[in-house]
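Structure first, commentary second.
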Amino acid sequence: MMSQRGVRLLTAHGLRESLQRAALSTTCANHKSYKLVVVGGGAGGCATAAKFSSKLGKGQVAVIDPANMHYYQPMWTLVGGGMKTLEDSGKPMSEVLPKKADWIKEKVVSFDPHNNKVITNDGQEINYEYLVVALGIQLNFDKIKGLLDALETPGVCSNYSPLFVKRTFKSLKNFKEGNALFTFPNTPIKCAGAPQKIMYISEEYFRKHGKRDKANIVYYTSLPVLFGIKKYADALWEVVKERNITVNLRHNLIEVMPDSKEAVFQNLDKPEEISTVKYEMLHVTPPMSSPDVLQKCSALVDGAGYLKVNKETLQHETFPNIFGIGDCTNIPTSKTAAAVAGQIGVLRKNLSKVMDGKTPDSAYDGYTSCPLVTGYSTCILAEFDMNGNPLETFPINQAKERRTMFHMKKDIMPTMYWLGMLNGYWEGPKYVRKAMHLGFSK
Ligand code: FAD
């Protein structure tokens, strides 16, 4: 964590200068000013706007996001398995963003942190006193040769995009016999469990519909492990063994050839070793990166292109009036909506402190969670911190497949998201966890 002196210097000097520059701005048609601008109206941006627009009042907060729809992305795993529809997972952005915030329905095309403004694709300059960056992570389907064409052909699908998620259940229904391949790319991704959750759901679907003996299920992952946290990885190895699923570690999908229905993989430990595999079904998790617009602004990002924030306070390392939340930041924890929930309370406290000229002193513990759905009625609820230590809410062994956790994922979490988190009321399970463990938990 940044030293207290460092934080004080940033808040005292940097912030004064920033605010002076912001005060010079005027308001005209193409040039608006707000106390707080939130870039991105997804999980983190919407929750942030809800908190601060109710605190600061109407006209003080703007959210910039071009999307018509706000999706609860964690539901896409269930959409892929035919348990929910894409329509169940989304609401119009206009209904979700807080009424007291102004919604600027444009795309941010550049950041100018030295002058406290962002520029949108229609040429508007939006000035801010404080900025929260909540852009999410970018999907790069085009980085795999042939994939975009293949995603128009039968059997190829991806739960990661609203454009392709409906294809997954269609692929399951149409599957006759052959290889069903599931991939994990060679980049950081959001919800690192999702690439294999759909595999377990598919396995159960094939079993229930009399096709299991005709399906050869193979998981190709770029990682050297099945899951990053040993406790849950051990449990998942039991699941794959029991269900006769093949796992190929350190294998990266590099090309799809839809005409011959073949997928090409590279062995990352022996890059010269390339294998071409026939598929009947191919579920692809695309490579991901920090959004291009963020990468372009070198003052804001780290070497990998992610927003450079203090991993505990969420304050930008260079610009004290900028904070980050969610997938676009370089916080070294698994990128999930659950992590965003864990961050939102810290952001609320620390940004409020900075607005009051005080030192941010709340610290994010790295809490993140991944409900590892293992079929149509079971789930392992993985919860852990940024050091890879389990940080579980319930005083039971959460590495066990459980029906209760499945219902929590399917029936309870969506309501907590829409009503709690997006309205600024849910800040993660910290206090529930403490109560469940009689105070003996972090
Ligand atoms: P997002 O919610 O993605 O929001 C980013 C916003 O930024 C979007 O609204 C976008 O339109 C906007 N934006 C992008 N570019 C611009 C621009 N240039 N200008 C303005 N706005 C822009 N998480 C869990 O906790 N549990 C799960 O079980 C889980 N499962 C998942 C399964 C799948 C298949 C997927 C895809 C995700 C899953 N996640 C899960 C991850 C979770 O959805 C994300 O981590 C979470 O949404 C991140 O929130 P965010 O605010 O950082 O980004």
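If you're wondering about the labels, chains in the structure tokens are A, B, ... by order shown, residues count from 1 in each chain, ligands from 1 in order shown.
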Do you know which residues are within 7 Å of ligand 1 using only C-alpha atoms and all ligand atoms? Can you write them as an mmCIF file with N, CA and C atoms, in the first residue's frame?
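New file part.cif:
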```cif
data_model
loop_
_atom_site.group_PDB
_atom_site.id
_atom_site.type_symbol
_atom_site.label_atom_id
_atom_site.label_comp_id
_atom_site.auth_asym_id
_atom_site.auth_seq_id
_atom_site.Cartn_x
_atom_site.Cartn_y
_atom_site.Cartn_z
ATOM 1 N N VAL A 39 -16.845 6.380 -16.164
ATOM 2 C CA VAL A 39 -16.731 5.871 -17.532
ATOM 3 C C VAL A 39 -17.032 4.373 -17.515
ATOM 4 N N GLY A 40 -18.155 4.005 -18.154
ATOM 5 C CA GLY A 40 -18.604 2.608 -18.142
ATOM 6 C C GLY A 40 -19.770 2.473 -17.169
ATOM 7 N N GLY A 41 -20.878 1.931 -17.651
ATOM 8 C CA GLY A 41 -22.064 1.776 -16.795
ATOM 9 C C GLY A 41 -22.392 0.312 -16.546
ATOM 10 N N GLY A 42 -21.360 -0.535 -16.494
ATOM 11 C CA GLY A 42 -21.561 -1.953 -16.189
ATOM 12 C C GLY A 42 -21.683 -2.147 -14.680
ATOM 13 N N ALA A 43 -21.236 -3.324 -14.218
ATOM 14 C CA ALA A 43 -21.400 -3.654 -12.794
ATOM 15 C C ALA A 43 -20.776 -2.577 -11.894
ATOM 16 N N GLY A 44 -19.505 -2.255 -12.143
ATOM 17 C CA GLY A 44 -18.800 -1.300 -11.269
ATOM 18 C C GLY A 44 -19.265 0.127 -11.475
ATOM 19 N N GLY A 45 -19.466 0.516 -12.727
ATOM 20 C CA GLY A 45 -19.843 1.900 -13.028
ATOM 21 C C GLY A 45 -21.230 2.233 -12.522
ATOM 22 N N ILE A 64 -20.879 7.665 -18.594
ATOM 23 C CA ILE A 64 -20.724 7.607 -20.056
ATOM 24 C C ILE A 64 -20.671 6.147 -20.469
ATOM 25 N N ASP A 65 -21.604 5.723 -21.278
ATOM 26 C CA ASP A 65 -21.640 4.332 -21.765
ATOM 27 C C ASP A 65 -22.527 4.285 -23.006
ATOM 28 N N PRO A 66 -22.046 3.707 -24.109
ATOM 29 C CA PRO A 66 -22.861 3.690 -25.330
ATOM 30 C C PRO A 66 -23.868 2.534 -25.384
ATOM 31 N N ALA A 67 -23.812 1.596 -24.428
ATOM 32 C CA ALA A 67 -24.608 0.362 -24.576
ATOM 33 C C ALA A 67 -26.092 0.597 -24.322
ATOM 34 N N HIS A 70 -27.862 -3.323 -20.299
ATOM 35 C CA HIS A 70 -26.959 -3.710 -19.213
ATOM 36 C C HIS A 70 -27.222 -5.199 -18.951
ATOM 37 N N TYR A 72 -26.463 -8.825 -16.874
ATOM 38 C CA TYR A 72 -25.892 -9.533 -15.725
ATOM 39 C C TYR A 72 -25.133 -10.725 -16.325
ATOM 40 N N GLN A 73 -23.864 -10.488 -16.638
ATOM 41 C CA GLN A 73 -23.085 -11.468 -17.414
ATOM 42 C C GLN A 73 -22.952 -12.845 -16.741
ATOM 43 N N PRO A 74 -22.858 -12.891 -15.390
ATOM 44 C CA PRO A 74 -22.729 -14.223 -14.774
ATOM 45 C C PRO A 74 -23.864 -15.181 -15.166
ATOM 46 N N MET A 75 -24.998 -14.627 -15.591
ATOM 47 C CA MET A 75 -26.123 -15.499 -15.972
ATOM 48 C C MET A 75 -25.874 -16.193 -17.314
ATOM 49 N N TRP A 76 -24.915 -15.715 -18.081
ATOM 50 C CA TRP A 76 -24.708 -16.297 -19.411
ATOM 51 C C TRP A 76 -24.281 -17.768 -19.354
ATOM 52 N N THR A 77 -23.651 -18.174 -18.234
ATOM 53 C CA THR A 77 -23.323 -19.596 -18.064
ATOM 54 C C THR A 77 -24.617 -20.411 -18.099
ATOM 55 N N GLU A 106 -22.651 7.730 -25.106
ATOM 56 C CA GLU A 106 -21.581 7.785 -26.102
ATOM 57 C C GLU A 106 -20.432 6.903 -25.634
ATOM 58 N N LYS A 107 -19.490 6.726 -26.565
ATOM 59 C CA LYS A 107 -18.295 5.925 -26.264
ATOM 60 C C LYS A 107 -17.165 6.895 -25.923
ATOM 61 N N VAL A 108 -16.415 6.629 -24.894
ATOM 62 C CA VAL A 108 -15.226 7.457 -24.625
ATOM 63 C C VAL A 108 -14.139 7.036 -25.606
ATOM 64 N N VAL A 109 -13.564 8.011 -26.328
ATOM 65 C CA VAL A 109 -12.517 7.662 -27.297
ATOM 66 C C VAL A 109 -11.128 8.110 -26.836
ATOM 67 N N ALA A 134 -14.424 2.483 -15.146
ATOM 68 C CA ALA A 134 -15.076 1.177 -14.942
ATOM 69 C C ALA A 134 -15.410 0.577 -16.304
ATOM 70 N N LEU A 135 -14.380 0.487 -17.146
ATOM 71 C CA LEU A 135 -14.584 0.122 -18.560
ATOM 72 C C LEU A 135 -14.723 -1.372 -18.820
ATOM 73 N N GLY A 136 -14.474 -2.205 -17.809
ATOM 74 C CA GLY A 136 -14.517 -3.642 -18.054
ATOM 75 C C GLY A 136 -13.311 -4.117 -18.856
ATOM 76 N N ILE A 137 -13.397 -5.341 -19.347
ATOM 77 C CA ILE A 137 -12.289 -5.929 -20.115
ATOM 78 C C ILE A 137 -12.785 -6.122 -21.549
ATOM 79 N N ASN A 159 -20.097 -18.404 -24.566
ATOM 80 C CA ASN A 159 -20.948 -17.781 -23.539
ATOM 81 C C ASN A 159 -20.499 -16.362 -23.223
ATOM 82 N N TYR A 160 -19.360 -15.944 -23.752
ATOM 83 C CA TYR A 160 -18.775 -14.668 -23.338
ATOM 84 C C TYR A 160 -19.369 -13.435 -24.006
ATOM 85 N N SER A 161 -20.248 -13.619 -24.975
ATOM 86 C CA SER A 161 -20.807 -12.436 -25.638
ATOM 87 C C SER A 161 -22.303 -12.621 -25.858
ATOM 88 N N LYS A 190 -12.137 -12.480 -17.661
ATOM 89 C CA LYS A 190 -13.084 -12.310 -16.557
ATOM 90 C C LYS A 190 -13.680 -13.670 -16.237
ATOM 91 N N CYS A 191 -14.007 -13.859 -14.988
ATOM 92 C CA CYS A 191 -14.540 -15.122 -14.468
ATOM 93 C C CYS A 191 -13.792 -16.339 -15.012
ATOM 94 N N ALA A 194 -15.612 -19.667 -15.748
ATOM 95 C CA ALA A 194 -16.695 -19.831 -16.732
ATOM 96 C C ALA A 194 -16.339 -20.754 -17.911
ATOM 97 N N PRO A 291 -9.245 -2.442 -22.408
ATOM 98 C CA PRO A 291 -9.840 -1.761 -23.570
ATOM 99 C C PRO A 291 -8.813 -0.893 -24.297
ATOM 100 N N VAL A 293 -9.014 1.951 -25.690
ATOM 101 C CA VAL A 293 -9.035 3.375 -25.345
ATOM 102 C C VAL A 293 -8.201 3.651 -24.091
ATOM 103 N N ILE A 325 -12.366 0.721 -10.779
ATOM 104 C CA ILE A 325 -13.093 -0.419 -10.193
ATOM 105 C C ILE A 325 -13.297 -1.483 -11.274
ATOM 106 N N GLY A 326 -13.179 -2.729 -10.878
ATOM 107 C CA GLY A 326 -13.554 -3.825 -11.762
ATOM 108 C C GLY A 326 -12.470 -4.302 -12.709
ATOM 109 N N ASP A 327 -12.941 -4.903 -13.800
ATOM 110 C CA ASP A 327 -12.074 -5.676 -14.700
ATOM 111 C C ASP A 327 -10.986 -4.855 -15.387
ATOM 112 N N CYS A 328 -11.177 -3.542 -15.550
ATOM 113 C CA CYS A 328 -10.188 -2.749 -16.302
ATOM 114 C C CYS A 328 -8.993 -2.342 -15.436
ATOM 115 N N LYS A 335 -10.938 -11.423 -11.927
ATOM 116 C CA LYS A 335 -11.877 -10.390 -12.392
ATOM 117 C C LYS A 335 -13.305 -10.936 -12.415
ATOM 118 N N THR A 336 -14.110 -10.508 -11.430
ATOM 119 C CA THR A 336 -15.493 -10.982 -11.345
ATOM 120 C C THR A 336 -16.405 -9.860 -10.842
ATOM 121 N N ALA A 337 -17.719 -10.078 -10.998
ATOM 122 C CA ALA A 337 -18.688 -9.130 -10.434
ATOM 123 C C ALA A 337 -18.618 -9.176 -8.907
ATOM 124 N N ALA A 338 -18.283 -10.352 -8.370
ATOM 125 C CA ALA A 338 -18.145 -10.478 -6.911
ATOM 126 C C ALA A 338 -16.995 -9.600 -6.404
ATOM 127 N N ALA A 339 -15.917 -9.540 -7.190
ATOM 128 C CA ALA A 339 -14.794 -8.666 -6.816
ATOM 129 C C ALA A 339 -15.246 -7.211 -6.848
ATOM 130 N N VAL A 340 -16.046 -6.861 -7.858
ATOM 131 C CA VAL A 340 -16.570 -5.494 -7.949
ATOM 132 C C VAL A 340 -17.381 -5.173 -6.690
ATOM 133 N N SER A 369 -14.995 -14.098 -6.080
ATOM 134 C CA SER A 369 -15.705 -15.365 -5.949
ATOM 135 C C SER A 369 -16.041 -15.919 -7.313
ATOM 136 N N CYS A 370 -16.130 -17.232 -7.393
ATOM 137 C CA CYS A 370 -16.472 -17.871 -8.647
ATOM 138 C C CYS A 370 -17.380 -19.062 -8.345
ATOM 139 N N PRO A 371 -18.676 -18.912 -8.549
ATOM 140 C CA PRO A 371 -19.545 -20.075 -8.349
ATOM 141 C C PRO A 371 -19.319 -21.073 -9.486
#
```
Using DSSP on the backbone coordinates, identify the residues of range 165-398 of chain A assigned to strand (DSSP E); present them as a VMD selection string. chain A and resid 178 to 184 215 to 221 246 to 248 251 to 257 262 to 267 274 to 278 281 to 283 288 to 289 322 to 324 368 to 373 379 to 384
Distance criterion (only C-alpha atoms): nearest to Arg212 in chain A out of A:Leu131, A:Ala180, A:Leu307, A:Ala235: A:Ala180
For Leu147 in chain A, list every protein, DNA or RNA residue within 8 Å, evaluated using only C-alpha atoms, and leave out those in the same chain fewer than 3 positions away; present the list as a PyMOL selection string. chain A and resi 141-142+144+150-151+255-257
Dump as a tab-separated table (two decimals), in the first residue's frame, selection limited to C-alpha atoms:
```tsv
chain	number	residue	atom	x	y	z
A	141	PHE	CA	-12.53	-12.73	-30.81
A	142	ASP	CA	-10.62	-11.43	-33.86
A	144	ILE	CA	-7.96	-16.13	-33.20
A	150	ALA	CA	-16.56	-19.99	-37.47
A	151	LEU	CA	-18.96	-18.30	-35.04
A	255	GLU	CA	-7.04	-21.08	-35.31
A	256	VAL	CA	-10.48	-22.42	-36.22
A	257	MET	CA	-11.18	-23.88	-39.68
```
Among the residues A:Trp237, A:Tyr130, A:Phe182, A:Trp418, the one that comes closest to Ser222 in chain A [using only C-alpha atoms]: A:Phe182
Interatomic distance between CA of Asp213 in chain A and CA of Ser275 in chain A?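 Spanning CA of Asp213 in chain A to CA of Ser275 in chain A is a straight-line distance of 23.9 Å.
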From the list A:Val346, A:Ala215, A:Val79, A:Val156, the nearest residue to Lys176 in chain A using only C-alpha atoms is A:Ala215
Could you list, as a short mmCIF file (atom, residue, chain, number, x, y, z; two decimals) with all heavy atoms, in the first residue's frame, every residue within 9 Å of Ala363 in chain A, counting only C-alpha atoms and ignoring same-chain residues fewer than 5 positions away?
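Resulting contents of part_35.cif:
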```cif
data_model
loop_
_atom_site.label_atom_id
_atom_site.label_comp_id
_atom_site.auth_asym_id
_atom_site.auth_seq_id
_atom_site.Cartn_x
_atom_site.Cartn_y
_atom_site.Cartn_z
N MET A 1 0.85 -1.20 0.00
CA MET A 1 0.00 0.00 0.00
C MET A 1 0.88 1.24 0.00
O MET A 1 1.97 1.24 0.56
CB MET A 1 -0.89 -0.05 1.26
CG MET A 1 -1.91 1.06 1.30
SD MET A 1 -3.06 0.77 2.68
CE MET A 1 -3.76 2.38 2.80
N LYS A 311 -3.74 -1.21 -5.17
CA LYS A 311 -4.61 -2.40 -5.09
C LYS A 311 -5.47 -2.41 -3.83
O LYS A 311 -6.43 -3.16 -3.73
CB LYS A 311 -3.78 -3.68 -5.18
CG LYS A 311 -2.87 -3.90 -4.00
CD LYS A 311 -2.06 -5.16 -4.16
CE LYS A 311 -1.20 -5.35 -2.91
NZ LYS A 311 -0.32 -6.46 -2.95
N GLU A 312 -5.14 -1.59 -2.85
CA GLU A 312 -5.97 -1.55 -1.64
C GLU A 312 -6.92 -0.36 -1.62
O GLU A 312 -8.09 -0.50 -1.34
CB GLU A 312 -5.07 -1.53 -0.40
CG GLU A 312 -4.34 -2.85 -0.24
CD GLU A 312 -3.47 -2.92 0.97
OE1 GLU A 312 -3.02 -1.85 1.44
OE2 GLU A 312 -3.22 -4.04 1.45
N THR A 313 -6.39 0.84 -1.97
CA THR A 313 -7.28 2.01 -1.89
C THR A 313 -8.10 2.23 -3.16
O THR A 313 -9.07 2.97 -3.15
CB THR A 313 -6.46 3.31 -1.65
OG1 THR A 313 -5.64 3.56 -2.81
CG2 THR A 313 -5.60 3.21 -0.41
N LEU A 314 -7.67 1.62 -4.29
CA LEU A 314 -8.31 1.77 -5.61
C LEU A 314 -8.09 3.15 -6.22
O LEU A 314 -8.67 3.49 -7.26
CB LEU A 314 -9.82 1.44 -5.58
CG LEU A 314 -10.25 0.17 -4.82
CD1 LEU A 314 -11.74 -0.05 -4.99
CD2 LEU A 314 -9.49 -1.04 -5.30
N GLN A 343 -15.18 -4.37 -3.96
CA GLN A 343 -14.45 -3.10 -4.14
C GLN A 343 -15.34 -1.88 -3.91
O GLN A 343 -14.85 -0.82 -3.54
CB GLN A 343 -13.88 -3.04 -5.58
CG GLN A 343 -12.75 -4.02 -5.83
CD GLN A 343 -12.51 -4.30 -7.31
OE1 GLN A 343 -12.93 -3.54 -8.18
NE2 GLN A 343 -11.84 -5.40 -7.60
N VAL A 346 -15.18 0.03 -0.59
CA VAL A 346 -13.88 0.68 -0.42
C VAL A 346 -13.84 1.96 -1.27
O VAL A 346 -13.41 3.02 -0.81
CB VAL A 346 -12.73 -0.28 -0.83
CG1 VAL A 346 -11.38 0.40 -0.77
CG2 VAL A 346 -12.76 -1.53 0.04
N ASN A 350 -13.31 5.66 0.19
CA ASN A 350 -12.07 6.37 -0.16
C ASN A 350 -12.31 7.57 -1.06
O ASN A 350 -11.69 8.62 -0.86
CB ASN A 350 -11.07 5.40 -0.80
CG ASN A 350 -10.45 4.48 0.24
OD1 ASN A 350 -10.58 4.73 1.44
ND2 ASN A 350 -9.78 3.43 -0.20
#
```
Measuring atom to atom with only C-alpha atoms, identify which of A:Ile396, A:Val240, A:Ala62, A:Leu139 is nearest to Lys32 in chain A.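 With only C-alpha atoms as the atom set, the closest residue is A:Ala62.
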Nearest to Tyr364 in chain A, chosen from A:Asn310, A:Ser352, A:Ser110, A:Ser298, with only C-alpha atoms counted in the distances: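 Between A:Asn310, A:Ser352, A:Ser110, A:Ser298, the residue approaching Tyr364 in chain A most closely is A:Asn310.
Using only C-alpha atoms, the smallest distance between any of A:Leu236, A:Leu391, A:Leu422, A:Ala263 and Thr183 in chain A comes from A:Ala263.
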Separation of CA of Pro414 in chain A from CA of Thr333 in chain A, in Å and rounded to one decimal: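 These atoms are spaced 22.1 Å apart.
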Among range 200-365 of chain A, which residues carry a DSSP assignment of alpha helix (DSSP H), reported as a CSV table (one decimal) with N, CA, C and O atoms, in the first residue's frame?
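Resulting contents of states32.csv:
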```csv
chain,number,residue,atom,x,y,z
A,200,TYR,N,-19.0,-28.7,-17.8
A,200,TYR,CA,-19.7,-29.6,-16.9
A,200,TYR,C,-21.2,-29.6,-17.2
A,200,TYR,O,-21.8,-30.7,-17.1
A,201,ILE,N,-21.7,-28.5,-17.5
A,201,ILE,CA,-23.2,-28.4,-17.8
A,201,ILE,C,-23.4,-29.2,-19.1
A,201,ILE,O,-24.4,-30.0,-19.2
A,202,SER,N,-22.5,-29.1,-20.1
A,202,SER,CA,-22.7,-29.8,-21.3
A,202,SER,C,-22.6,-31.3,-21.1
A,202,SER,O,-23.4,-32.1,-21.7
A,203,GLU,N,-21.6,-31.7,-20.2
A,203,GLU,CA,-21.5,-33.1,-19.9
A,203,GLU,C,-22.8,-33.7,-19.4
A,203,GLU,O,-23.2,-34.8,-19.8
A,204,GLU,N,-23.4,-33.0,-18.5
A,204,GLU,CA,-24.6,-33.5,-17.9
A,204,GLU,C,-25.8,-33.5,-18.9
A,204,GLU,O,-26.6,-34.4,-18.9
A,205,TYR,N,-25.8,-32.4,-19.8
A,205,TYR,CA,-26.8,-32.4,-20.8
A,205,TYR,C,-26.7,-33.6,-21.7
A,205,TYR,O,-27.7,-34.3,-22.0
A,206,PHE,N,-25.5,-33.9,-22.1
A,206,PHE,CA,-25.3,-35.1,-23.0
A,206,PHE,C,-25.7,-36.4,-22.3
A,206,PHE,O,-26.4,-37.3,-22.9
A,207,ARG,N,-25.4,-36.5,-21.0
A,207,ARG,CA,-25.8,-37.7,-20.2
A,207,ARG,C,-27.3,-37.8,-20.2
A,207,ARG,O,-27.9,-38.9,-20.4
A,208,LYS,N,-28.0,-36.7,-19.9
A,208,LYS,CA,-29.4,-36.7,-19.7
A,208,LYS,C,-30.1,-37.0,-21.0
A,208,LYS,O,-31.3,-37.5,-21.0
A,230,LYS,N,-5.7,-23.9,-5.2
A,230,LYS,CA,-5.5,-25.3,-5.1
A,230,LYS,C,-6.7,-26.1,-4.5
A,230,LYS,O,-7.1,-27.1,-5.0
A,231,LYS,N,-7.3,-25.5,-3.5
A,231,LYS,CA,-8.4,-26.1,-2.8
A,231,LYS,C,-9.5,-26.5,-3.8
A,231,LYS,O,-10.1,-27.6,-3.8
A,232,TYR,N,-9.9,-25.6,-4.7
A,232,TYR,CA,-10.9,-25.8,-5.6
A,232,TYR,C,-10.4,-26.6,-6.8
A,232,TYR,O,-11.2,-27.4,-7.4
A,233,ALA,N,-9.2,-26.4,-7.2
A,233,ALA,CA,-8.6,-27.2,-8.3
A,233,ALA,C,-8.7,-28.7,-7.9
A,233,ALA,O,-9.0,-29.5,-8.8
A,234,ASP,N,-8.3,-29.0,-6.7
A,234,ASP,CA,-8.3,-30.4,-6.3
A,234,ASP,C,-9.7,-31.0,-6.5
A,234,ASP,O,-9.9,-32.1,-7.0
A,235,ALA,N,-10.7,-30.2,-6.1
A,235,ALA,CA,-12.1,-30.7,-6.2
A,235,ALA,C,-12.5,-30.9,-7.6
A,235,ALA,O,-13.2,-31.8,-8.0
A,236,LEU,N,-12.0,-29.9,-8.5
A,236,LEU,CA,-12.4,-30.0,-9.9
A,236,LEU,C,-11.7,-31.2,-10.6
A,236,LEU,O,-12.3,-31.8,-11.5
A,237,TRP,N,-10.5,-31.5,-10.2
A,237,TRP,CA,-9.8,-32.7,-10.8
A,237,TRP,C,-10.6,-33.9,-10.5
A,237,TRP,O,-10.7,-34.8,-11.3
A,238,GLU,N,-11.2,-34.0,-9.3
A,238,GLU,CA,-12.1,-35.2,-9.0
A,238,GLU,C,-13.3,-35.2,-9.9
A,238,GLU,O,-13.7,-36.2,-10.4
A,239,VAL,N,-13.9,-34.0,-10.2
A,239,VAL,CA,-15.0,-33.9,-11.1
A,239,VAL,C,-14.7,-34.4,-12.5
A,239,VAL,O,-15.4,-35.2,-13.1
A,240,VAL,N,-13.6,-33.9,-13.0
A,240,VAL,CA,-13.2,-34.3,-14.4
A,240,VAL,C,-12.9,-35.8,-14.5
A,240,VAL,O,-13.2,-36.4,-15.5
A,241,LYS,N,-12.3,-36.3,-13.4
A,241,LYS,CA,-11.9,-37.8,-13.5
A,241,LYS,C,-13.2,-38.6,-13.5
A,241,LYS,O,-13.4,-39.5,-14.3
A,242,GLU,N,-14.1,-38.2,-12.5
A,242,GLU,CA,-15.3,-39.0,-12.4
A,242,GLU,C,-16.2,-38.9,-13.7
A,242,GLU,O,-16.9,-39.9,-14.0
A,292,ASP,N,-8.9,-0.9,-25.6
A,292,ASP,CA,-7.9,-0.1,-26.4
A,292,ASP,C,-7.9,1.3,-26.0
A,292,ASP,O,-6.8,1.9,-25.9
A,293,VAL,N,-9.0,2.0,-25.7
A,293,VAL,CA,-9.0,3.4,-25.3
A,293,VAL,C,-8.2,3.7,-24.1
A,293,VAL,O,-7.6,4.7,-24.0
A,294,LEU,N,-8.1,2.7,-23.2
A,294,LEU,CA,-7.4,2.9,-22.0
A,294,LEU,C,-5.9,2.6,-22.3
A,294,LEU,O,-5.0,3.4,-21.9
A,295,GLN,N,-5.6,1.6,-23.1
A,295,GLN,CA,-4.2,1.3,-23.4
A,295,GLN,C,-3.5,2.5,-24.1
A,295,GLN,O,-2.3,2.7,-24.0
A,337,ALA,N,-17.7,-10.1,-11.0
A,337,ALA,CA,-18.7,-9.1,-10.4
A,337,ALA,C,-18.6,-9.2,-8.9
A,337,ALA,O,-18.8,-8.2,-8.2
A,338,ALA,N,-18.3,-10.4,-8.4
A,338,ALA,CA,-18.1,-10.5,-6.9
A,338,ALA,C,-17.0,-9.6,-6.4
A,338,ALA,O,-17.1,-9.0,-5.3
A,339,ALA,N,-15.9,-9.5,-7.2
A,339,ALA,CA,-14.8,-8.7,-6.8
A,339,ALA,C,-15.2,-7.2,-6.8
A,339,ALA,O,-14.9,-6.4,-6.0
A,340,VAL,N,-16.0,-6.9,-7.9
A,340,VAL,CA,-16.6,-5.5,-7.9
A,340,VAL,C,-17.4,-5.2,-6.7
A,340,VAL,O,-17.3,-4.1,-6.1
A,341,ALA,N,-18.2,-6.1,-6.2
A,341,ALA,CA,-19.0,-5.9,-5.0
A,341,ALA,C,-18.1,-5.7,-3.8
A,341,ALA,O,-18.3,-4.8,-3.0
A,342,GLY,N,-17.0,-6.4,-3.8
A,342,GLY,CA,-16.0,-6.3,-2.7
A,342,GLY,C,-15.3,-4.9,-2.8
A,342,GLY,O,-14.8,-4.4,-1.7
A,343,GLN,N,-15.2,-4.4,-4.0
A,343,GLN,CA,-14.4,-3.1,-4.1
A,343,GLN,C,-15.3,-1.9,-3.9
A,343,GLN,O,-14.9,-0.8,-3.5
A,344,ILE,N,-16.6,-2.0,-4.1
A,344,ILE,CA,-17.5,-0.9,-4.2
A,344,ILE,C,-17.5,-0.1,-2.8
A,344,ILE,O,-17.5,1.1,-2.8
A,345,GLY,N,-17.5,-0.9,-1.7
A,345,GLY,CA,-17.6,-0.2,-0.4
A,345,GLY,C,-16.3,0.6,-0.2
A,345,GLY,O,-16.3,1.7,0.4
A,346,VAL,N,-15.2,0.0,-0.6
A,346,VAL,CA,-13.9,0.7,-0.4
A,346,VAL,C,-13.8,2.0,-1.3
A,346,VAL,O,-13.4,3.0,-0.8
A,347,LEU,N,-14.3,1.8,-2.5
A,347,LEU,CA,-14.4,3.0,-3.4
A,347,LEU,C,-15.3,4.1,-2.8
A,347,LEU,O,-14.9,5.3,-2.8
A,348,ARG,N,-16.4,3.7,-2.3
A,348,ARG,CA,-17.4,4.7,-1.7
A,348,ARG,C,-16.6,5.4,-0.6
A,348,ARG,O,-16.7,6.7,-0.5
A,349,LYS,N,-16.0,4.7,0.3
A,349,LYS,CA,-15.4,5.4,1.5
A,349,LYS,C,-14.2,6.2,1.0
A,349,LYS,O,-14.0,7.4,1.4
A,350,ASN,N,-13.3,5.7,0.2
A,350,ASN,CA,-12.1,6.4,-0.2
A,350,ASN,C,-12.3,7.6,-1.1
A,350,ASN,O,-11.7,8.6,-0.9
A,351,LEU,N,-13.2,7.4,-2.0
A,351,LEU,CA,-13.4,8.6,-2.9
A,351,LEU,C,-14.1,9.7,-2.1
A,351,LEU,O,-13.8,10.9,-2.3
A,352,SER,N,-15.0,9.3,-1.2
A,352,SER,CA,-15.7,10.3,-0.4
A,352,SER,C,-14.6,11.1,0.5
A,352,SER,O,-14.7,12.3,0.6
A,353,LYS,N,-13.7,10.3,1.0
A,353,LYS,CA,-12.6,11.0,1.8
A,353,LYS,C,-11.8,12.0,1.0
A,353,LYS,O,-11.6,13.1,1.4
A,354,VAL,N,-11.5,11.5,-0.2
A,354,VAL,CA,-10.7,12.4,-1.1
A,354,VAL,C,-11.5,13.6,-1.4
A,354,VAL,O,-11.0,14.8,-1.5
A,355,MET,N,-12.8,13.5,-1.7
A,355,MET,CA,-13.6,14.6,-2.0
A,355,MET,C,-13.7,15.6,-0.8
A,355,MET,O,-13.8,16.8,-1.0
```
Extract, using only C-alpha atoms, all DNA, RNA and protein residues at most 12 Å from Glu392 in chain A, discarding same-chain residues fewer than 3 positions from it, and format them as a VMD selection string. chain A and resid 231 to 232 367 to 371 380 to 385 388 to 389 395 to 399 428 to 437 440 to 442
Env of Lys173 in chain A: 12 Å cut, atoms = only C-alpha atoms, seq-sep filter 3 positions within chain, self excluded. Answer as a VMD selection string. chain A and resid 80 to 82 154 to 155 166 to 170 176 to 177 202 205 to 206 208 to 211 280 to 281
CA of Glu125 in chain A to CA of Val63 in chain A, distance in Å rounded to a single decimal: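 Interatomic distance here is 13.5 Å.
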